[in-house]
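K.L.:
If it helps, the file is called protein_2.csv and holds CSV, N, CA and C atoms:
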```
chain,number,residue,atom,x,y,z
F,1,MET,N,2.9,-31.6,5.6
F,1,MET,CA,2.6,-30.6,4.6
F,1,MET,C,3.5,-30.9,3.4
F,2,PRO,N,3.0,-30.9,2.1
F,2,PRO,CA,3.8,-31.1,1.0
F,2,PRO,C,4.9,-30.1,0.8
F,3,LYS,N,6.0,-30.5,0.3
F,3,LYS,CA,7.2,-29.5,0.2
F,3,LYS,C,6.8,-28.4,-0.8
F,4,SER,N,6.1,-28.7,-1.9
F,4,SER,CA,5.8,-27.6,-2.8
F,4,SER,C,4.9,-26.5,-2.2
F,5,GLU,N,4.0,-26.9,-1.3
F,5,GLU,CA,3.2,-25.9,-0.6
F,5,GLU,C,4.1,-25.0,0.3
F,6,THR,N,5.0,-25.7,1.0
F,6,THR,CA,5.9,-24.9,1.9
F,6,THR,C,6.7,-24.0,1.1
F,7,THR,N,7.2,-24.4,0.0
F,7,THR,CA,8.1,-23.5,-0.9
F,7,THR,C,7.3,-22.3,-1.4
F,8,TRP,N,6.0,-22.5,-1.8
F,8,TRP,CA,5.2,-21.5,-2.3
F,8,TRP,C,4.9,-20.5,-1.1
F,9,GLN,N,4.6,-21.0,0.1
F,9,GLN,CA,4.4,-20.1,1.2
F,9,GLN,C,5.6,-19.3,1.6
F,10,SER,N,6.8,-20.0,1.5
F,10,SER,CA,8.0,-19.3,1.9
F,10,SER,C,8.3,-18.2,0.9
F,11,LYS,N,8.1,-18.4,-0.4
F,11,LYS,CA,8.3,-17.4,-1.4
F,11,LYS,C,7.4,-16.2,-1.2
F,12,ALA,N,6.1,-16.5,-0.9
F,12,ALA,CA,5.2,-15.4,-0.7
F,12,ALA,C,5.5,-14.6,0.5
F,13,ALA,N,6.0,-15.2,1.6
F,13,ALA,CA,6.4,-14.5,2.8
F,13,ALA,C,7.6,-13.7,2.5
F,14,THR,N,8.6,-14.2,1.8
F,14,THR,CA,9.8,-13.4,1.5
F,14,THR,C,9.4,-12.2,0.6
F,15,LEU,N,8.5,-12.4,-0.3
F,15,LEU,CA,8.1,-11.3,-1.2
F,15,LEU,C,7.4,-10.2,-0.4
F,16,ALA,N,6.5,-10.6,0.5
F,16,ALA,CA,5.8,-9.7,1.3
F,16,ALA,C,6.7,-8.9,2.2
F,17,HIS,N,7.7,-9.6,2.8
F,17,HIS,CA,8.7,-8.9,3.6
F,17,HIS,C,9.5,-7.9,2.8
F,18,MET,N,9.9,-8.3,1.6
F,18,MET,CA,10.7,-7.4,0.8
F,18,MET,C,9.9,-6.1,0.4
F,19,ARG,N,8.6,-6.3,0.1
F,19,ARG,CA,7.8,-5.2,-0.2
F,19,ARG,C,7.5,-4.3,1.0
F,20,THR,N,7.4,-4.9,2.1
F,20,THR,CA,7.2,-4.1,3.4
F,20,THR,C,8.4,-3.2,3.6
F,21,LYS,N,9.6,-3.8,3.5
F,21,LYS,CA,10.9,-3.1,3.7
F,21,LYS,C,11.0,-2.0,2.7
F,22,THR,N,10.7,-2.2,1.4
F,22,THR,CA,10.7,-1.2,0.4
F,22,THR,C,9.7,-0.1,0.7
F,23,GLY,N,8.5,-0.4,1.1
F,23,GLY,CA,7.5,0.6,1.5
F,23,GLY,C,7.9,1.4,2.7
F,24,LYS,N,8.5,0.8,3.7
F,24,LYS,CA,8.9,1.6,4.9
F,24,LYS,C,10.0,2.6,4.5
F,25,GLU,N,11.0,2.1,3.7
F,25,GLU,CA,12.1,3.0,3.2
F,25,GLU,C,11.5,4.2,2.4
F,26,GLU,N,10.6,3.9,1.5
F,26,GLU,CA,10.0,5.0,0.7
F,26,GLU,C,9.2,5.9,1.6
F,27,LEU,N,8.4,5.4,2.5
F,27,LEU,CA,7.6,6.3,3.4
F,27,LEU,C,8.5,7.2,4.3
F,28,LYS,N,9.6,6.6,4.8
F,28,LYS,CA,10.6,7.4,5.6
F,28,LYS,C,11.2,8.5,4.7
F,29,ARG,N,11.5,8.2,3.5
F,29,ARG,CA,12.1,9.2,2.6
F,29,ARG,C,11.1,10.3,2.3
F,30,ASN,N,9.9,10.0,2.1
F,30,ASN,CA,8.9,11.0,1.8
F,30,ASN,C,8.4,11.8,2.9
F,31,LEU,N,8.3,11.2,4.1
F,31,LEU,CA,7.8,11.9,5.3
F,31,LEU,C,8.8,12.6,6.1
F,32,GLY,N,10.0,12.1,6.1
F,32,GLY,CA,11.1,12.7,6.9
F,32,GLY,C,11.3,12.0,8.2
F,33,ASN,N,12.2,12.5,9.1
F,33,ASN,CA,12.6,11.9,10.3
F,33,ASN,C,11.6,12.1,11.5
F,34,ASN,N,10.6,12.9,11.3
F,34,ASN,CA,9.7,13.2,12.4
F,34,ASN,C,8.7,12.1,12.6
F,35,TYR,N,8.6,11.2,11.6
F,35,TYR,CA,7.6,10.1,11.6
F,35,TYR,C,8.2,8.8,12.1
F,36,GLU,N,7.5,8.1,12.9
F,36,GLU,CA,7.8,6.7,13.3
F,36,GLU,C,7.1,5.8,12.3
F,37,VAL,N,7.8,4.9,11.6
F,37,VAL,CA,7.2,4.1,10.6
F,37,VAL,C,7.3,2.6,11.1
F,38,LEU,N,6.1,2.1,11.2
F,38,LEU,CA,5.9,0.7,11.8
F,38,LEU,C,5.2,-0.2,10.8
F,39,SER,N,5.5,-1.5,10.9
F,39,SER,CA,4.8,-2.5,10.2
F,39,SER,C,4.4,-3.6,11.1
F,40,SER,N,3.2,-3.8,11.3
F,40,SER,CA,2.8,-4.9,12.3
F,40,SER,C,1.7,-5.8,11.7
F,41,GLY,N,1.5,-5.8,10.4
F,41,GLY,CA,0.6,-6.7,9.8
F,41,GLY,C,-0.6,-6.0,9.2
F,42,TYR,N,-1.4,-5.3,10.0
F,42,TYR,CA,-2.6,-4.6,9.5
F,42,TYR,C,-2.7,-3.3,10.2
F,43,PRO,N,-2.8,-2.2,9.5
F,43,PRO,CA,-2.5,-2.1,8.1
F,43,PRO,C,-1.0,-2.4,7.8
F,44,ASP,N,-0.7,-2.6,6.6
F,44,ASP,CA,0.7,-3.1,6.3
F,44,ASP,C,1.8,-2.2,6.9
F,45,ILE,N,1.6,-0.8,6.7
F,45,ILE,CA,2.5,0.1,7.3
F,45,ILE,C,1.7,1.3,7.9
F,46,THR,N,2.2,1.7,9.1
F,46,THR,CA,1.6,2.8,9.8
F,46,THR,C,2.7,3.8,10.0
F,47,ALA,N,2.5,5.1,9.7
F,47,ALA,CA,3.5,6.1,10.0
F,47,ALA,C,2.8,7.1,10.9
F,48,PHE,N,3.5,7.5,12.0
F,48,PHE,CA,2.9,8.4,13.0
F,48,PHE,C,3.9,9.5,13.4
F,49,ASN,N,3.5,10.7,13.4
F,49,ASN,CA,4.3,11.8,13.9
F,49,ASN,C,3.8,12.2,15.3
F,50,PRO,N,4.6,11.9,16.3
F,50,PRO,CA,4.1,12.1,17.7
F,50,PRO,C,4.0,13.6,18.0
F,51,LYS,N,4.7,14.5,17.3
F,51,LYS,CA,4.7,15.9,17.6
F,51,LYS,C,3.4,16.5,17.1
F,52,THR,N,2.9,16.1,16.0
F,52,THR,CA,1.7,16.7,15.4
F,52,THR,C,0.4,15.8,15.5
F,53,GLY,N,0.7,14.5,15.8
F,53,GLY,CA,-0.5,13.6,15.9
F,53,GLY,C,-0.9,13.1,14.5
F,54,THR,N,-0.1,13.4,13.5
F,54,THR,CA,-0.5,13.1,12.1
F,54,THR,C,-0.1,11.6,11.9
F,55,PHE,N,-0.9,10.9,11.2
F,55,PHE,CA,-0.6,9.5,10.8
F,55,PHE,C,-1.1,9.1,9.4
F,56,TYR,N,-0.4,8.1,8.9
F,56,TYR,CA,-0.8,7.6,7.6
F,56,TYR,C,-0.9,6.1,7.7
F,57,PHE,N,-1.8,5.5,7.0
F,57,PHE,CA,-1.9,4.1,6.8
F,57,PHE,C,-1.6,3.8,5.3
F,58,VAL,N,-0.8,2.7,5.1
F,58,VAL,CA,-0.4,2.3,3.8
F,58,VAL,C,-0.7,0.8,3.6
F,59,GLU,N,-1.5,0.5,2.6
F,59,GLU,CA,-1.7,-0.9,2.2
F,59,GLU,C,-0.8,-1.2,1.1
F,60,LEU,N,-0.1,-2.4,1.1
F,60,LEU,CA,0.7,-2.8,0.0
F,60,LEU,C,0.0,-3.9,-0.7
F,61,LYS,N,-0.1,-3.8,-2.0
F,61,LYS,CA,-0.8,-4.8,-2.8
F,61,LYS,C,-0.1,-5.1,-4.1
F,62,ARG,N,-0.4,-6.2,-4.7
F,62,ARG,CA,0.2,-6.7,-5.9
F,62,ARG,C,-0.5,-6.0,-7.1
F,63,GLU,N,0.2,-5.9,-8.2
F,63,GLU,CA,-0.3,-5.3,-9.4
F,63,GLU,C,-1.6,-6.0,-9.9
F,64,LYS,N,-1.7,-7.3,-9.7
F,64,LYS,CA,-2.9,-8.0,-10.1
F,64,LYS,C,-4.1,-7.6,-9.3
F,65,GLU,N,-3.9,-6.9,-8.2
F,65,GLU,CA,-5.1,-6.5,-7.3
F,65,GLU,C,-5.6,-5.2,-7.7
F,66,ILE,N,-5.0,-4.5,-8.7
F,66,ILE,CA,-5.5,-3.2,-9.1
F,66,ILE,C,-7.0,-3.3,-9.6
F,67,GLY,N,-7.8,-2.4,-9.1
F,67,GLY,CA,-9.2,-2.5,-9.5
F,67,GLY,C,-10.1,-3.2,-8.5
F,68,LYS,N,-9.5,-4.0,-7.6
F,68,LYS,CA,-10.3,-4.7,-6.6
F,68,LYS,C,-10.5,-3.8,-5.4
F,69,PRO,N,-11.7,-3.8,-4.8
F,69,PRO,CA,-12.0,-3.0,-3.7
F,69,PRO,C,-11.2,-3.4,-2.4
F,70,LEU,N,-11.2,-2.5,-1.5
F,70,LEU,CA,-10.6,-2.9,-0.2
F,70,LEU,C,-11.4,-3.9,0.5
F,71,ARG,N,-10.8,-4.7,1.3
F,71,ARG,CA,-11.6,-5.7,2.1
F,71,ARG,C,-12.4,-4.9,3.1
F,72,PRO,N,-13.5,-5.5,3.6
F,72,PRO,CA,-14.4,-4.8,4.5
F,72,PRO,C,-13.7,-4.1,5.7
F,73,GLU,N,-12.8,-4.9,6.3
F,73,GLU,CA,-12.1,-4.3,7.5
F,73,GLU,C,-11.2,-3.1,7.1
F,74,GLN,N,-10.6,-3.2,5.9
F,74,GLN,CA,-9.8,-2.1,5.4
F,74,GLN,C,-10.6,-0.9,5.1
F,75,GLU,N,-11.8,-1.1,4.5
F,75,GLU,CA,-12.7,0.0,4.2
F,75,GLU,C,-13.2,0.7,5.4
F,76,LYS,N,-13.5,-0.1,6.5
F,76,LYS,CA,-13.9,0.4,7.7
F,76,LYS,C,-12.8,1.3,8.3
F,77,MET,N,-11.6,0.8,8.3
F,77,MET,CA,-10.5,1.6,8.9
F,77,MET,C,-10.3,2.9,8.1
F,78,ARG,N,-10.4,2.8,6.8
F,78,ARG,CA,-10.3,4.0,5.9
F,78,ARG,C,-11.3,5.0,6.2
F,79,ARG,N,-12.6,4.6,6.4
F,79,ARG,CA,-13.7,5.5,6.7
F,79,ARG,C,-13.4,6.2,8.1
F,80,ILE,N,-13.0,5.4,9.1
F,80,ILE,CA,-12.8,6.0,10.4
F,80,ILE,C,-11.7,7.0,10.4
F,81,LEU,N,-10.6,6.6,9.7
F,81,LEU,CA,-9.4,7.6,9.6
F,81,LEU,C,-9.8,8.8,8.9
F,82,THR,N,-10.6,8.7,7.8
F,82,THR,CA,-11.0,9.9,7.1
F,82,THR,C,-12.0,10.8,7.9
F,83,ARG,N,-12.8,10.2,8.7
F,83,ARG,CA,-13.7,10.9,9.6
F,83,ARG,C,-13.0,11.7,10.7
F,84,ILE,N,-11.9,11.0,11.2
F,84,ILE,CA,-11.2,11.6,12.3
F,84,ILE,C,-10.3,12.8,11.8
F,85,THR,N,-9.6,12.6,10.6
F,85,THR,CA,-8.7,13.6,10.2
F,85,THR,C,-9.3,14.6,9.2
F,86,LYS,N,-10.5,14.3,8.6
F,86,LYS,CA,-11.1,15.1,7.6
F,86,LYS,C,-10.4,15.2,6.3
F,87,LYS,N,-9.4,14.3,6.1
F,87,LYS,CA,-8.7,14.2,4.8
F,87,LYS,C,-8.3,12.8,4.5
F,88,SER,N,-7.9,12.5,3.3
F,88,SER,CA,-7.5,11.2,2.9
F,88,SER,C,-6.0,10.9,3.4
F,89,GLN,N,-5.9,9.9,4.3
F,89,GLN,CA,-4.6,9.6,4.7
F,89,GLN,C,-4.4,8.1,4.7
F,90,TYR,N,-5.2,7.4,3.9
F,90,TYR,CA,-5.1,6.0,3.7
F,90,TYR,C,-4.7,5.7,2.3
F,91,GLU,N,-3.5,5.3,2.1
F,91,GLU,CA,-2.9,5.1,0.8
F,91,GLU,C,-2.8,3.6,0.4
F,92,VAL,N,-2.9,3.3,-0.8
F,92,VAL,CA,-2.7,2.0,-1.3
F,92,VAL,C,-1.6,2.0,-2.4
F,93,TRP,N,-0.5,1.2,-2.1
F,93,TRP,CA,0.6,1.2,-3.1
F,93,TRP,C,0.6,-0.2,-3.7
F,94,TYR,N,0.8,-0.1,-5.1
F,94,TYR,CA,0.8,-1.3,-5.9
F,94,TYR,C,2.2,-1.6,-6.3
F,95,PHE,N,2.6,-2.9,-6.2
F,95,PHE,CA,3.9,-3.3,-6.6
F,95,PHE,C,3.9,-4.1,-7.9
F,96,SER,N,4.9,-4.0,-8.7
F,96,SER,CA,5.0,-4.8,-9.9
F,96,SER,C,5.0,-6.3,-9.7
F,97,ASP,N,4.4,-7.0,-10.6
F,97,ASP,CA,4.4,-8.5,-10.5
F,97,ASP,C,5.5,-9.1,-11.5
F,98,LYS,N,6.2,-8.2,-12.2
F,98,LYS,CA,7.2,-8.7,-13.1
F,98,LYS,C,8.4,-9.2,-12.4
F,99,LYS,N,9.0,-10.3,-13.0
F,99,LYS,CA,10.3,-10.8,-12.4
F,99,LYS,C,11.3,-9.8,-12.4
F,100,GLY,N,12.1,-9.7,-11.4
F,100,GLY,CA,13.2,-8.7,-11.2
F,100,GLY,C,12.7,-7.3,-10.9
F,101,GLU,N,11.4,-7.1,-10.9
F,101,GLU,CA,10.8,-5.8,-10.5
F,101,GLU,C,9.8,-5.9,-9.4
F,102,GLN,N,9.8,-7.0,-8.7
F,102,GLN,CA,8.7,-7.3,-7.7
F,102,GLN,C,8.8,-6.4,-6.5
F,103,ASP,N,9.9,-5.6,-6.3
F,103,ASP,CA,10.0,-4.7,-5.2
F,103,ASP,C,9.8,-3.3,-5.7
F,104,LYS,N,9.3,-3.1,-6.9
F,104,LYS,CA,9.2,-1.7,-7.5
F,104,LYS,C,7.7,-1.3,-7.3
F,105,ILE,N,7.6,-0.1,-6.7
F,105,ILE,CA,6.3,0.5,-6.6
F,105,ILE,C,5.9,1.1,-7.9
F,106,ILE,N,4.8,0.6,-8.5
F,106,ILE,CA,4.4,1.1,-9.8
F,106,ILE,C,3.3,2.2,-9.8
F,107,VAL,N,2.5,2.2,-8.7
F,107,VAL,CA,1.5,3.3,-8.6
F,107,VAL,C,1.1,3.4,-7.1
F,108,LYS,N,0.9,4.7,-6.7
F,108,LYS,CA,0.4,5.0,-5.4
F,108,LYS,C,-1.0,5.6,-5.6
F,109,CYS,N,-1.9,5.3,-4.6
F,109,CYS,CA,-3.3,5.8,-4.8
F,109,CYS,C,-3.8,6.3,-3.5
F,110,PHE,N,-4.8,7.2,-3.6
F,110,PHE,CA,-5.6,7.6,-2.5
F,110,PHE,C,-7.0,7.1,-2.8
F,111,TYR,N,-7.8,6.8,-1.8
F,111,TYR,CA,-9.2,6.7,-1.9
F,111,TYR,C,-9.9,8.0,-1.7
F,112,ILE,N,-10.5,8.6,-2.7
F,112,ILE,CA,-11.2,9.9,-2.7
F,112,ILE,C,-12.6,9.6,-2.9
F,113,GLY,N,-13.5,9.8,-1.9
F,113,GLY,CA,-14.8,9.4,-2.0
F,113,GLY,C,-14.8,7.9,-1.9
F,114,LYS,N,-15.4,7.2,-2.9
F,114,LYS,CA,-15.4,5.8,-3.0
F,114,LYS,C,-14.5,5.3,-4.2
F,115,ARG,N,-13.7,6.2,-4.7
F,115,ARG,CA,-13.0,5.9,-5.9
F,115,ARG,C,-11.5,5.9,-5.6
F,116,LEU,N,-10.8,4.9,-6.2
F,116,LEU,CA,-9.4,4.8,-6.1
F,116,LEU,C,-8.8,5.7,-7.1
F,117,THR,N,-8.0,6.7,-6.7
F,117,THR,CA,-7.4,7.7,-7.6
F,117,THR,C,-5.9,7.6,-7.5
F,118,PRO,N,-5.3,7.2,-8.6
F,118,PRO,CA,-3.8,7.2,-8.7
F,118,PRO,C,-3.2,8.5,-8.7
F,119,TYR,N,-2.1,8.7,-8.0
F,119,TYR,CA,-1.4,10.0,-8.0
F,119,TYR,C,0.1,9.9,-8.3
F,120,TYR,N,0.6,8.7,-8.5
F,120,TYR,CA,2.0,8.5,-8.7
F,120,TYR,C,2.1,7.2,-9.5
F,121,PRO,N,2.9,7.1,-10.6
F,121,PRO,CA,3.5,8.2,-11.3
F,121,PRO,C,2.4,9.0,-12.2
F,122,ARG,N,2.8,10.1,-12.7
F,122,ARG,CA,1.9,10.9,-13.4
F,122,ARG,C,1.4,10.2,-14.7
F,123,ASP,N,2.3,9.6,-15.4
F,123,ASP,CA,1.9,8.9,-16.7
F,123,ASP,C,1.9,7.4,-16.4
F,124,LEU,N,0.7,6.9,-16.2
F,124,LEU,CA,0.5,5.5,-16.0
F,124,LEU,C,0.5,4.8,-17.3
F,125,ASP,N,1.0,3.5,-17.3
F,125,ASP,CA,0.9,2.7,-18.5
F,125,ASP,C,-0.6,2.6,-18.8
F,126,PRO,N,-0.9,2.7,-20.1
F,126,PRO,CA,-2.4,2.7,-20.5
F,126,PRO,C,-3.1,1.5,-20.0
F,127,ASP,N,-2.5,0.3,-19.9
F,127,ASP,CA,-3.2,-0.9,-19.4
F,127,ASP,C,-3.5,-0.8,-17.9
F,128,LEU,N,-2.6,-0.2,-17.2
F,128,LEU,CA,-2.8,0.0,-15.7
F,128,LEU,C,-3.8,1.1,-15.5
F,129,ALA,N,-3.7,2.2,-16.3
F,129,ALA,CA,-4.7,3.3,-16.1
F,129,ALA,C,-6.1,2.8,-16.4
F,130,GLN,N,-6.3,1.9,-17.3
F,130,GLN,CA,-7.6,1.4,-17.6
F,130,GLN,C,-8.2,0.6,-16.5
F,131,LYS,N,-7.4,0.0,-15.7
F,131,LYS,CA,-7.9,-0.8,-14.5
F,131,LYS,C,-8.5,0.2,-13.5
F,132,PHE,N,-8.0,1.4,-13.4
F,132,PHE,CA,-8.5,2.4,-12.4
F,132,PHE,C,-9.8,3.0,-12.9
F,133,GLU,N,-10.1,2.9,-14.2
F,133,GLU,CA,-11.3,3.5,-14.7
F,133,GLU,C,-12.5,2.6,-14.4
F,134,ALA,N,-12.3,1.3,-14.3
F,134,ALA,CA,-13.4,0.4,-14.1
F,134,ALA,C,-14.1,0.6,-12.7
```
Taking this structure as input, can you express it in the form of structure tokens?

P.N.:
Amino acid sequence: MPKSETTWQSKAATLAHMRTKTGKEELKRNLGNNYEVLSSGYPDITAFNPKTGTFYFVELKREKEIGKPLRPEQEKMRRILTRITKKSQYEVWYFSDKKGEQDKIIVKCFYIGKRLTPYYPRDLDPDLAQKFEA
């Protein structure tokens, strides 16, 4: 395998690990100590409260993926989860692609109906907001 390919793969894996770590910390801070926060690949992060049976799925994506639909297996999981819980508990968090800010969550979204609806932060950058309108 060429060294450049290995380097690219290594950087991508490091970035994915960093984003998963950031996502887990953010989820623990938001949900509290009653939730077990796990990351096992798919979905990217799962949080579960054994006392109430409440759970959340979180997909972590790059800023460049804003506006793209979920993959078929992700959409299937989202529909099943919504059917079981009768509410949206499948979140998608987008991370910045800018150098030095690649571990920064720039927007969090819920799928409501078939539409991706941002709910954090309140005032989106106009360029980012436009991607959600498409």

K.L.:
CA of Pro50 (chain F) to CA of Arg78 (chain F): how many Å, to one decimal?

P.N.:
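Taking CA of Pro50 (chain F) as the start and CA of Arg78 (chain F) as the end point, the length is 20.3 Å.
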
K.L.:
Just the number, please: distance in Å from atom N of Tyr119 (chain F) to atom C of Ile106 (chain F), one decimal.

P.N.:
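Between these atoms lies a distance of 8.6 Å.
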
K.L.:
Please report the interatomic distance between CA of Ala16 (chain F) and atom C of Asp103 (chain F) in Å with one decimal.

P.N.:
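Interatomic distance here is 10.3 Å.
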
K.L.:
Which parts of chain F does DSSP call strand (DSSP E or B) when run on the backbone here, written out as an MDAnalysis selection string?

P.N.:
chainID F and resid 36:38 45:49 54:62 90:95 105:112 115:120

K.L.:
As a ChimeraX atom specification, please: the residues near Thr22 (chain F) (cut-off 8 Å, all atoms listed in the file, same-chain neighbours under 5 positions excluded).

P.N.:
/F:16-17,27-28,103-105

K.L.:
Just the residues within 8 Å of region 51-53 of chain F, please, counting all atoms listed in the file, with nothing from its chain fewer than 4 positions along; format it as a list in words.

P.N.:
Asn34, Tyr35 and Ala47 of chain F

K.L.:
Got a sec to tell me which of region 70-131 of chain F DSSP assigns to alpha helix (DSSP H), as a list of chain:residue names?

P.N.:
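Going through region 70-131 of chain F, the alpha helix (DSSP H) residues come out as F:Pro72, F:Glu73, F:Gln74, F:Glu75, F:Lys76, F:Met77, F:Arg78, F:Arg79, F:Ile80, F:Leu81, F:Thr82, F:Arg83, F:Ile84, F:Thr85, F:Pro126, F:Asp127, F:Leu128, F:Ala129, F:Gln130, F:Lys131.
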
K.L.:
F:Pro126, F:Ser88, F:Asn30, F:Gln102: which is nearest Leu15 (chain F), counting only N, CA and C atoms?

P.N.:
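Checking each candidate against Leu15 (chain F), we get F:Gln102 as the closest.
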
K.L.:
Val37 (chain F): which residues within 10 Å, counting only C-alpha atoms, same-chain residues fewer than 2 positions away excluded, as a PyMOL selection string?

P.N.:
chain F and resi 23-25+27-28+31+33-35+39+45-49+55-57

K.L.:
Using all atoms listed in the file, determine which residues lie at most 6 Å from Phe110 (chain F), disregarding the query and same-chain residues fewer than 6 positions distant; provide the list as a ChimeraX atom specification.

P.N.:
/F:90-92,116-119

K.L.:
Using only N, CA and C atoms, determine which residues lie at most 7 Å from Lys61 (chain F), disregarding the query and same-chain residues fewer than 6 positions distant; provide the list as a ChimeraX atom specification.

P.N.:
/F:92-96

K.L.:
F:Lys86, F:Lys64, F:Lys99, F:Lys108: which is nearest Asp127 (chain F), counting only C-alpha atoms?

P.N.:
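Of the candidates, the smallest distance to Asp127 (chain F) is held by F:Lys64.
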
K.L.:
Quick one: of F:Glu133, F:Arg83, F:Arg29, F:Gln74, who's nearest to Pro43 (chain F), counting all atoms listed in the file?

P.N.:
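Answer, going by the shortest atom-to-atom distance: F:Gln74.
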